[in-house]
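S.K.: Got a structure for you, written out below as structure tokens; questions coming shortly.
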Amino acid sequence: MSEDDDKKLDDDSSSSEKGASEPVRKKTIVGMAPVGQTPKETKGTLMGMPAIDDAQVEADKQEKPAAEEKPAAEEKPAAEEKPAAEKPAAAARPALYLAEFETPDAIVHAAKRVRDAGYTKWDCHTPYALHGLDDAMGLTPTKIGIISFIFGLTGVLAAFLLMYATNATDTSVMGFAGYRAIIGGKPPGAFPSMVPIIFEFGILLCGLSTLFGLCGLVKLPRHNHPVFSSERFARATDDRYFISIEAADDRFDLEDTRALLESTDPSFLELVEEDAA
Amino acid sequence: MSDALPIDTLPIDDSVPIEDIGERHLMPADMTISEVTNLVAGVTERPAPRGWWILFIPAVMLAGLMFACLGYLVSAGTGVWGNNAPVYWAWDITNFVWWIGIGHAGTLISAILFLFRQKWRTSINRFAEAMTVFAVLCAAIFPALHTGRPWLDYYLFPIPNAMNVWPNFKSPLMWDVFAVNTYLTISVVFWYVGLIPDLATIRDRSTNLLRKRIYGFFALGWRGSHRHWQHYERAYLIFAAISTPLVLSVHSVVSFDFATSVIPGWHTTIFPPYFVTGAVFSGFALVMTLMLIVRAVFGMHRVVTLKHLDLMTKFMLATSMLVGYAYAMEFFVAWYSGNPYEWWHFYHTRIGLADSTGQRSPYFWAWLAMVSCNVGVPQIFWFKFARRSIPVMFVATLLINVGMWFERFVIIVLSIHRDYLPSAWGIFHPTLVDMGLYLGTMGFFLTLFLLFVRWLPMFAIAELKGILPGAHPSHLHDHHEPHEAPAGELSPAPAE
């Protein structure tokens with residue numbers, strides 16, 4: 001894996017479309033991991049640190065242009081320093097980039113940029129349902145209503161069949177026979193008296209299917225997610241807005257993706273790794 | 001991006017007040033998102049305030065009384081209640097209807113006000129939903145015991161059995177079984193789905209591993225993902241959409257228990273809307289009583305502002321007028337129908353005037369209590385000082401709940417203690433077990449409720465954040481289509 005990453009680092013500016021269209025940023029983000037370092041090295045040093053002293057920011061500034069403007073063919077000193085061979089490959093595997101924003105406007109604008117760059121496996125994390133993000137992320141409308149509707153109708157039909165089979169016929173279904181009960185002078189299959197239970201049972205199935213449909217669509221409960229490795233991510237349920245771009249995305253590239261996110265002016269940006277097993 | 005924009009991006013944002021008509025933001029202007037988190041989640045992290053213990057200890061003692069009464073009742077039989085011929089339905093059914101009715105306000109606030117986009121509901125909906133769940137639990141105890149042999153209650157469900165005995169689905173009592181069970185299930189689901197993002201908030205704030213695990217377990221791994229929010233918001237809308245007819249149906253079905261009979265005072269078509277209105281009225285009153293206590297105990301004055309309380313009192317005033325209309329209409333129909341039994345019931349039982357033979361009901365004071373508490377007391381909310389005064393609200397809401405209990409007592413006991421034949425008339429005397437069980441369910445309810453406010457987010461954190469000023473992108477506030485900025489324009493790069 002590390003070798004693949006090295007390769008990406010080396011030839012990204014020529015091979016990726018993003019490198020051509022996006023101007024490379026010179027800006028330094030406080031807390032940003034220097035590019036030349038391996039993900040493993042950055043973890044525990046800079047990642048998750050909220051603030052860095054001025055000297056460190058200066059160091060970043062000096063280091064970054066060299067790293068970013070590196071021609072594809074150039075031999076990279078950082079790659080030599082990296083003790084890639086000694087490490088298990090999985091330990092250093094990047095999982096996602098996480099960019100933090102402080103205002104709803106900032107994340108909506110950033111989301112539009114990420115959407116337009118063509119990423120698919122990415123997400124916004126917000127403390128509440130933020131209006132306008134559906135469009136900014138280019139999401140298609142949810143289909144959960146179809147699930148609720150189908151199961152609601154199933155409940156309606158099931159309740160009718162249950163009452164009809166047990167109260168209006170005496171035929172045996174799987175060994176259990178109904179009884180043609182005439183009560184209150186009403187015929188055995190009187191429909192009006194079935195309406196309340198048909199209604200309630202339809203609602204019951206509709207509600208339960210909405211719950212389980214929701215769990216299925218959002219794939220929760222889920223035991224863990226790489227995004228939780230970031231210490232700053234705890235604020236996603238408090239007062240900050242995050243964009244995560246997963247390494248599993250086809251367009252994911254350690255350099256380009258970071259450049260894209262940097263250009264959206266996040267208040268913090270970090271590379272989150274898969275947890276070492 | 002596309003021609004058919006999702007509704008969220010249309011340039012109409014109802015979270016912005018219409019300043020022309022004097023609207024203001026619901027929450028204090030200086031309230032920040034993290035303040036909401038700290039205020040609400042903080043309650044679960046600090047030791048309980050003294051006021052909580054002062055309420056919790058008696059509540060647990062009363063809950064113990066309920067379990068003692070339950071144990072005695074199950075071992076000795078329902079004869080320990082005061083129910084006897086002709087009053088077979090007495091306090092047990094009164095309490096059942098009262099508790100179910102209280103639950104209805106929770107669903108009204110969480111579902112109906114949601115559909116009507118009443119944003120002020122976000123400060124009270126979690127609270128009221130929890131109340132619904134606990135009130136329905138208390139309510140379900142009474143009919144379950146009233147069957148006489150509660151260990152055979154599974155007969156109520158259509159379970160295939162060797163004797164091929166099935167429930168009689170034509171009976172309103174069976175409809176009740178389905179309505180109440182569906183209502184309980186859907187209320188729990190609605191409540192829990194709303195809790196998921198807030199449980200994640202508490203999980204992410206936890207420093208203690210045990211808390212992190214427990215809250216994390218129930219938060220299902222929620223990570224605030226917008227791809228999830230999108231489905232979640234629609235699911236929430238569906239829950240609101242199905243809960244609205246559900247809540248109307250539940251108390252309607254409860255009223256069918258009475259309306260489909262032939263007893264004077266019960267046999268009337270006004271019952272379904274009458275019961276639903278009364279339910280919402282009493283539920284709102286109890287939400288408010290508890291809200292005033294919790295607001296003071298936990299210092300939540302910035303979340304539940306006087307504006308919220310003002311809106312709630314207006315709601316109570318409106319439902320009180322509807323209930324008053326139903327009371328008047330019952331009398332009108334009793335007269336207009338020309339049915340002598342119906343008329344006798346209203347004239348001599350409810351108002352308590354003696355007829356030509358000197359007969360009258362000894363219970364007229366119950367009707368007086370009902371009308372004065374439910375129609376008289378709320379009229380004070382026409383005055384602004386009453387809508388701003390916490391003591392007035394507290395006393396008024398307590399009286400309303402007393403009045404609503406009497407309404408159910410009037411409907412149930414007064415109707416059956418004087419039906420057609422004077423020789424079959426009787427009187428009802430509650431026993432100590434009746435009283436203990438009623439007080440006990442109050443303790444049980446309060447215990448669950450206090451545990452809820454102590455350990456769960458008592459306000460919908462995520463929803464409250466969504467109505468704060470500036471919570472949504474500013475382009476939604478401008479009345480033009482969102483402008484798509486070309487890449488690179490947003491944050492110009494420094495010159496090379």
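Chain labels run A, B, ... following the order of the structure tokens; each chain numbers its residues from 1, and ligands are numbered from 1 in the order shown.
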Please provide as a VMD selection string all residues within 8 Å of A:Asp105, with the sequence filter that same-chain residues fewer than 6 positions apart are discarded (counting only C-alpha atoms).

M.R.: chain B and resid 472 to 474

S.K.: So that each row is one residue of chain B with an atom at most 7 Å from chain A, can you give its shortest atom pair and the distance in Å to one decimal, using only C-alpha atoms, rows by chain and rising number, as CSV?

M.R.:
residue,atom,partner,partner_atom,distance
B:Pro6,CA,A:Asp135,CA,6.6
B:Asp8,CA,A:Gly132,CA,5.5
B:Thr9,CA,A:Gly132,CA,4.9
B:Ile33,CA,A:Asp239,CA,5.6
B:Ser34,CA,A:Asp239,CA,5.4
B:Thr37,CA,A:Asp238,CA,6.1
B:Pro160,CA,A:Phe176,CA,6.7
B:Asn164,CA,A:Ala177,CA,6.0
B:Trp166,CA,A:Thr166,CA,6.4
B:Phe169,CA,A:Met163,CA,6.7
B:Lys170,CA,A:Ser193,CA,5.3
B:Trp175,CA,A:Ile197,CA,5.8
B:Phe178,CA,A:Ile197,CA,6.3
B:Ala179,CA,A:Glu200,CA,5.8
B:Thr182,CA,A:Leu204,CA,5.5
B:Ile186,CA,A:Gly207,CA,6.3
B:Ala200,CA,A:Thr237,CA,6.7
B:Thr201,CA,A:Thr237,CA,4.9
B:Asp204,CA,A:Ala234,CA,5.0
B:Leu220,CA,A:Pro221,CA,4.2
B:Gly221,CA,A:Arg222,CA,5.3
B:Arg223,CA,A:His125,CA,6.7
B:Gly224,CA,A:His125,CA,4.7
B:Ser225,CA,A:His125,CA,4.3
B:His226,CA,A:Cys124,CA,5.2
B:Arg227,CA,A:Asp123,CA,6.7
B:His228,CA,A:Val218,CA,5.4
B:Trp229,CA,A:Ala129,CA,5.7
B:Gln230,CA,A:Thr142,CA,6.8
B:His231,CA,A:Thr142,CA,5.7
B:Tyr232,CA,A:Leu214,CA,6.8
B:Ala235,CA,A:Thr210,CA,6.2
B:Phe239,CA,A:Gly207,CA,6.5
B:Ile242,CA,A:Ile203,CA,6.4
B:Ala462,CA,A:Tyr128,CA,4.7
B:Glu463,CA,A:Tyr128,CA,6.6
B:Lys465,CA,A:Tyr128,CA,6.5
B:Gly466,CA,A:Tyr128,CA,6.0
B:Ala471,CA,A:Pro104,CA,6.8
B:His472,CA,A:Pro104,CA,5.8
B:Pro473,CA,A:Asp105,CA,4.7
B:Ser474,CA,A:Asp105,CA,6.4
B:Ala487,CA,A:Arg113,CA,6.4
B:Ser491,CA,A:Thr264,CA,6.5
B:Ala493,CA,A:Arg25,CA,6.3

S.K.: Write the selection just made, keeping N, CA and C atoms, as a CSV table (one decimal), in the first residue's frame?

M.R.:
chain,number,residue,atom,x,y,z
B,6,PRO,N,-34.3,20.3,-5.2
B,6,PRO,CA,-35.0,19.8,-4.0
B,6,PRO,C,-35.6,20.9,-3.2
B,8,ASP,N,-35.6,21.8,-0.3
B,8,ASP,CA,-34.8,22.4,0.7
B,8,ASP,C,-34.1,23.7,0.1
B,9,THR,N,-33.8,23.7,-1.2
B,9,THR,CA,-33.0,24.8,-1.7
B,9,THR,C,-33.9,25.9,-2.2
B,33,ILE,N,-24.7,27.4,19.0
B,33,ILE,CA,-24.9,26.0,18.8
B,33,ILE,C,-24.3,25.2,20.0
B,34,SER,N,-23.1,25.6,20.4
B,34,SER,CA,-22.5,24.8,21.5
B,34,SER,C,-23.1,25.0,22.8
B,37,THR,N,-25.8,22.4,23.1
B,37,THR,CA,-25.2,21.2,23.5
B,37,THR,C,-24.9,21.1,25.0
B,160,PRO,N,-52.8,-18.2,17.1
B,160,PRO,CA,-53.4,-19.5,16.7
B,160,PRO,C,-53.3,-20.5,17.9
B,164,ASN,N,-59.1,-23.2,18.4
B,164,ASN,CA,-59.6,-22.4,17.3
B,164,ASN,C,-60.5,-21.2,17.8
B,166,TRP,N,-60.8,-17.4,18.4
B,166,TRP,CA,-60.2,-16.2,17.9
B,166,TRP,C,-60.9,-15.0,18.6
B,169,PHE,N,-63.3,-9.5,16.4
B,169,PHE,CA,-62.8,-8.3,15.9
B,169,PHE,C,-63.9,-7.2,15.7
B,170,LYS,N,-65.1,-7.6,15.9
B,170,LYS,CA,-66.2,-6.6,15.8
B,170,LYS,C,-66.3,-5.8,17.0
B,175,TRP,N,-60.7,-3.3,19.1
B,175,TRP,CA,-60.1,-2.2,18.4
B,175,TRP,C,-59.1,-1.5,19.3
B,178,PHE,N,-55.7,-3.1,19.6
B,178,PHE,CA,-54.8,-2.8,18.5
B,178,PHE,C,-54.4,-1.3,18.5
B,179,ALA,N,-55.3,-0.5,18.8
B,179,ALA,CA,-55.0,1.0,18.7
B,179,ALA,C,-54.0,1.3,19.8
B,182,THR,N,-50.5,-0.3,19.0
B,182,THR,CA,-49.9,0.4,17.9
B,182,THR,C,-49.4,1.7,18.3
B,186,ILE,N,-45.5,2.8,18.1
B,186,ILE,CA,-45.1,3.9,17.2
B,186,ILE,C,-44.6,5.1,18.0
B,200,ALA,N,-25.9,10.5,20.2
B,200,ALA,CA,-24.6,10.6,19.6
B,200,ALA,C,-23.8,11.8,20.2
B,201,THR,N,-24.6,12.9,20.4
B,201,THR,CA,-23.9,14.1,20.9
B,201,THR,C,-23.4,13.8,22.3
B,204,ASP,N,-20.3,11.6,22.2
B,204,ASP,CA,-19.1,12.2,21.8
B,204,ASP,C,-18.6,13.2,22.8
B,220,LEU,N,-26.3,4.0,17.9
B,220,LEU,CA,-26.2,3.2,16.7
B,220,LEU,C,-25.0,3.5,15.8
B,221,GLY,N,-24.0,4.3,16.3
B,221,GLY,CA,-22.9,4.7,15.4
B,221,GLY,C,-23.2,5.9,14.6
B,223,ARG,N,-23.1,9.3,12.9
B,223,ARG,CA,-21.9,10.2,12.7
B,223,ARG,C,-22.4,11.5,12.0
B,224,GLY,N,-23.6,11.9,12.1
B,224,GLY,CA,-24.1,13.1,11.6
B,224,GLY,C,-23.9,13.3,10.1
B,225,SER,N,-23.8,12.1,9.4
B,225,SER,CA,-23.6,12.2,8.0
B,225,SER,C,-24.8,12.8,7.3
B,226,HIS,N,-24.5,13.6,6.3
B,226,HIS,CA,-25.7,14.2,5.6
B,226,HIS,C,-26.4,13.2,4.8
B,227,ARG,N,-25.7,12.2,4.3
B,227,ARG,CA,-26.4,11.2,3.5
B,227,ARG,C,-27.4,10.4,4.4
B,228,HIS,N,-27.1,10.4,5.7
B,228,HIS,CA,-28.0,9.8,6.7
B,228,HIS,C,-29.1,10.8,7.0
B,229,TRP,N,-28.7,12.1,7.2
B,229,TRP,CA,-29.7,13.1,7.6
B,229,TRP,C,-30.8,13.1,6.5
B,230,GLN,N,-30.4,12.9,5.3
B,230,GLN,CA,-31.4,13.0,4.2
B,230,GLN,C,-32.5,12.0,4.4
B,231,HIS,N,-32.1,10.7,4.6
B,231,HIS,CA,-33.1,9.7,4.8
B,231,HIS,C,-33.8,9.9,6.2
B,232,TYR,N,-33.0,10.3,7.1
B,232,TYR,CA,-33.6,10.5,8.5
B,232,TYR,C,-34.7,11.5,8.5
B,235,ALA,N,-37.7,10.1,6.9
B,235,ALA,CA,-38.3,9.1,7.8
B,235,ALA,C,-39.1,9.8,9.0
B,239,PHE,N,-43.0,9.5,10.0
B,239,PHE,CA,-43.5,9.2,11.3
B,239,PHE,C,-44.5,10.2,11.7
B,242,ILE,N,-47.8,9.6,9.8
B,242,ILE,CA,-48.6,8.5,10.2
B,242,ILE,C,-49.1,8.6,11.7
B,462,ALA,N,-30.5,18.4,18.3
B,462,ALA,CA,-30.3,18.6,16.9
B,462,ALA,C,-31.4,19.5,16.3
B,463,GLU,N,-32.6,19.4,16.8
B,463,GLU,CA,-33.7,20.2,16.2
B,463,GLU,C,-33.6,21.6,16.7
B,465,LYS,N,-30.8,23.2,17.4
B,465,LYS,CA,-29.8,23.8,16.7
B,465,LYS,C,-30.3,24.3,15.3
B,466,GLY,N,-31.2,23.5,14.8
B,466,GLY,CA,-31.6,23.8,13.4
B,466,GLY,C,-32.5,25.1,13.4
B,471,ALA,N,-28.5,29.2,11.4
B,471,ALA,CA,-28.2,27.8,11.4
B,471,ALA,C,-28.1,27.2,10.0
B,472,HIS,N,-28.7,27.9,9.1
B,472,HIS,CA,-28.7,27.4,7.7
B,472,HIS,C,-28.0,28.4,6.8
B,473,PRO,N,-27.5,27.9,5.7
B,473,PRO,CA,-26.7,28.7,4.8
B,473,PRO,C,-27.4,30.0,4.4
B,474,SER,N,-26.7,31.1,4.3
B,474,SER,CA,-27.3,32.4,4.2
B,474,SER,C,-28.0,32.6,2.8
B,487,ALA,N,-15.4,27.3,-9.3
B,487,ALA,CA,-14.4,26.9,-8.4
B,487,ALA,C,-13.2,27.9,-8.4
B,491,SER,N,-12.3,31.2,-2.4
B,491,SER,CA,-11.2,31.6,-1.6
B,491,SER,C,-10.0,31.8,-2.5
B,493,ALA,N,-6.7,32.3,-4.2
B,493,ALA,CA,-5.3,31.9,-3.8
B,493,ALA,C,-4.4,33.1,-3.8

S.K.: Find the residues around B:Thr78 up to 10 Å (only C-alpha atoms counted), leave out those fewer than 6 positions away in its own chain, and share them as a ChimeraX atom specification.

M.R.: /B:72,145-149,433

S.K.: Next, write the just-selected residues to a file, as a tab-separated table (two decimals), in the first residue's frame, keeping C-alpha atoms as the atom set.

M.R.:
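See out_20.tsv below for the written result:
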chain	number	residue	atom	x	y	z
B	72	TYR	CA	-52.63	-7.39	46.06
B	145	LEU	CA	-56.15	-5.66	35.03
B	146	HIS	CA	-59.78	-4.97	34.29
B	147	THR	CA	-59.99	-8.21	32.34
B	148	GLY	CA	-60.07	-9.82	35.78
B	149	ARG	CA	-57.51	-12.49	35.04
B	433	VAL	CA	-56.86	-0.06	46.32

S.K.: Enter the distance from atom CA of B:Trp53 to atom CA of B:Cys69, in Å, rounded to one decimal.

M.R.: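 Calculated distance between atom CA of B:Trp53 and atom CA of B:Cys69 is 24.2 Å.
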
S.K.: Could you jot down the atom CA of B:Leu26 to atom CA of B:Leu306 separation for me, Å, one decimal place?

M.R.: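 Straight-line distance from atom CA of B:Leu26 to atom CA of B:Leu306 works out to 10.0 Å.
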
S.K.: For B:Val297, work out the shell of residues within 12 Å, counting only C-alpha atoms and skipping chain neighbours fewer than 6 positions away, then give it as a list in words.

M.R.: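 The neighbour list is Val43, Ala48, Pro49, Arg50, Gly51, Trp52, Trp53, Ile54, Leu55, Leu290, Met291, Leu450, Val453 and Arg454 of chain B.
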
S.K.: From a DSSP pass on the backbone, collect the residues of stretch 316-485 of chain B flagged as helix (DSSP H, G or I) and hand them back as a ChimeraX atom specification.

M.R.: /B:316-336,340-350,364-382,384-388,390-417,422-424,432-455,461-466,474-476

S.K.: With C-alpha atoms retained, write the just-selected residues as a tab-separated table (two decimals), in the first residue's frame.

M.R.:
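So part.tsv came out as:
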chain	number	residue	atom	x	y	z
B	316	MET	CA	-54.82	25.34	25.97
B	317	LEU	CA	-57.24	28.21	25.72
B	318	ALA	CA	-58.23	27.12	22.22
B	319	THR	CA	-58.71	23.46	23.16
B	320	SER	CA	-60.60	24.49	26.28
B	321	MET	CA	-63.08	26.36	24.07
B	322	LEU	CA	-63.47	23.27	21.89
B	323	VAL	CA	-64.08	21.12	24.95
B	324	GLY	CA	-66.60	23.67	26.21
B	325	TYR	CA	-68.36	23.52	22.87
B	326	ALA	CA	-68.56	19.73	23.14
B	327	TYR	CA	-70.06	20.00	26.64
B	328	ALA	CA	-72.69	22.42	25.37
B	329	MET	CA	-73.43	20.32	22.32
B	330	GLU	CA	-74.03	17.23	24.46
B	331	PHE	CA	-76.79	19.08	26.24
B	332	PHE	CA	-78.22	20.43	23.01
B	333	VAL	CA	-78.33	16.96	21.42
B	334	ALA	CA	-79.86	15.46	24.56
B	335	TRP	CA	-82.68	18.00	24.30
B	336	TYR	CA	-82.97	17.99	20.51
B	340	PRO	CA	-86.34	11.11	27.56
B	341	TYR	CA	-83.59	8.92	29.03
B	342	GLU	CA	-80.88	11.03	27.48
B	343	TRP	CA	-82.55	14.21	28.70
B	344	TRP	CA	-83.09	12.85	32.19
B	345	HIS	CA	-79.43	11.92	32.34
B	346	PHE	CA	-78.18	15.37	31.46
B	347	TYR	CA	-80.73	17.33	33.42
B	348	HIS	CA	-80.88	15.33	36.62
B	349	THR	CA	-77.59	13.42	36.73
B	350	ARG	CA	-75.13	15.90	35.36
B	364	PHE	CA	-73.67	16.63	40.38
B	365	TRP	CA	-70.56	18.16	42.03
B	366	ALA	CA	-68.38	16.06	39.69
B	367	TRP	CA	-69.97	17.73	36.69
B	368	LEU	CA	-69.49	21.15	38.29
B	369	ALA	CA	-65.83	20.40	38.97
B	370	MET	CA	-65.36	19.33	35.38
B	371	VAL	CA	-66.93	22.40	33.83
B	372	SER	CA	-65.34	24.94	36.15
B	373	CYS	CA	-61.85	23.45	35.79
B	374	ASN	CA	-61.96	22.78	32.06
B	375	VAL	CA	-63.95	25.71	30.76
B	376	GLY	CA	-63.75	28.27	33.55
B	377	VAL	CA	-60.13	28.15	34.65
B	378	PRO	CA	-58.46	28.41	31.19
B	379	GLN	CA	-60.35	31.64	30.47
B	380	ILE	CA	-57.74	33.40	32.56
B	381	PHE	CA	-55.37	32.94	29.65
B	382	TRP	CA	-57.19	35.62	27.73
B	384	LYS	CA	-51.56	38.63	29.13
B	385	PHE	CA	-50.45	38.72	32.77
B	386	ALA	CA	-51.68	35.12	33.16
B	387	ARG	CA	-49.78	34.00	30.09
B	388	ARG	CA	-46.62	35.50	31.59
B	390	ILE	CA	-45.50	31.06	36.14
B	391	PRO	CA	-47.57	30.57	39.35
B	392	VAL	CA	-50.83	31.24	37.49
B	393	MET	CA	-49.88	28.76	34.77
B	394	PHE	CA	-48.84	26.15	37.31
B	395	VAL	CA	-52.07	26.31	39.30
B	396	ALA	CA	-54.22	26.52	36.17
B	397	THR	CA	-52.61	23.48	34.52
B	398	LEU	CA	-52.98	21.43	37.70
B	399	LEU	CA	-56.66	22.38	37.91
B	400	ILE	CA	-57.14	21.48	34.25
B	401	ASN	CA	-55.78	18.01	34.89
B	402	VAL	CA	-58.10	17.59	37.85
B	403	GLY	CA	-60.94	18.78	35.65
B	404	MET	CA	-60.07	16.37	32.86
B	405	TRP	CA	-60.00	13.48	35.29
B	406	PHE	CA	-63.47	14.51	36.40
B	407	GLU	CA	-64.59	14.69	32.79
B	408	ARG	CA	-63.80	11.01	32.35
B	409	PHE	CA	-65.37	10.22	35.71
B	410	VAL	CA	-68.53	12.09	34.71
B	411	ILE	CA	-68.76	10.32	31.38
B	412	ILE	CA	-68.09	6.84	32.74
B	413	VAL	CA	-69.44	6.56	36.27
B	414	LEU	CA	-72.27	9.09	36.09
B	415	SER	CA	-73.66	7.52	32.94
B	416	ILE	CA	-73.81	3.95	34.21
B	417	HIS	CA	-74.88	4.58	37.79
B	422	PRO	CA	-84.44	3.06	38.79
B	423	SER	CA	-84.35	-0.40	40.41
B	424	ALA	CA	-80.95	-0.98	38.75
B	432	LEU	CA	-58.20	2.15	49.12
B	433	VAL	CA	-56.86	-0.06	46.32
B	434	ASP	CA	-58.55	2.17	43.75
B	435	MET	CA	-56.89	5.20	45.25
B	436	GLY	CA	-53.55	3.51	45.78
B	437	LEU	CA	-53.42	2.31	42.21
B	438	TYR	CA	-54.28	5.71	40.80
B	439	LEU	CA	-51.73	7.52	42.97
B	440	GLY	CA	-49.29	4.72	42.27
B	441	THR	CA	-49.46	5.14	38.52
B	442	MET	CA	-48.72	8.83	39.05
B	443	GLY	CA	-45.62	7.85	40.98
B	444	PHE	CA	-44.65	5.31	38.33
B	445	PHE	CA	-45.08	7.93	35.63
B	446	LEU	CA	-43.08	10.52	37.54
B	447	THR	CA	-40.32	8.04	38.28
B	448	LEU	CA	-39.89	7.16	34.62
B	449	PHE	CA	-40.16	10.79	33.69
B	450	LEU	CA	-37.54	11.95	36.19
B	451	LEU	CA	-35.17	9.22	35.08
B	452	PHE	CA	-35.70	10.43	31.53
B	453	VAL	CA	-34.89	14.07	32.27
B	454	ARG	CA	-31.88	13.01	34.28
B	455	TRP	CA	-30.29	10.57	31.82
B	461	ILE	CA	-30.63	19.05	20.66
B	462	ALA	CA	-30.31	18.61	16.91
B	463	GLU	CA	-33.68	20.19	16.21
B	464	LEU	CA	-33.02	23.14	18.52
B	465	LYS	CA	-29.76	23.80	16.69
B	466	GLY	CA	-31.65	23.82	13.43
B	474	SER	CA	-27.30	32.40	4.19
B	475	HIS	CA	-28.23	31.99	0.54
B	476	LEU	CA	-31.48	30.43	1.69

S.K.: Measuring atom to atom with only C-alpha atoms, identify which of B:Phe284, B:Tyr236, B:Phe67, B:Phe114 is nearest to B:Thr132.

M.R.: B:Phe284

S.K.: Kindly indicate which residue among B:Cys138, B:Leu210, B:Ile109, B:Ala240 lies nearest to B:Asp92, using only C-alpha atoms for the distances.

M.R.: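 Going through B:Cys138, B:Leu210, B:Ile109, B:Ala240 one by one, the smallest distance to B:Asp92 is for B:Cys138.
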
S.K.: For a test of reading the model, state the distance in Å between atom CA of B:Glu129 and atom CA of B:Gly71, rounded to one decimal.

M.R.: 29.2 Å
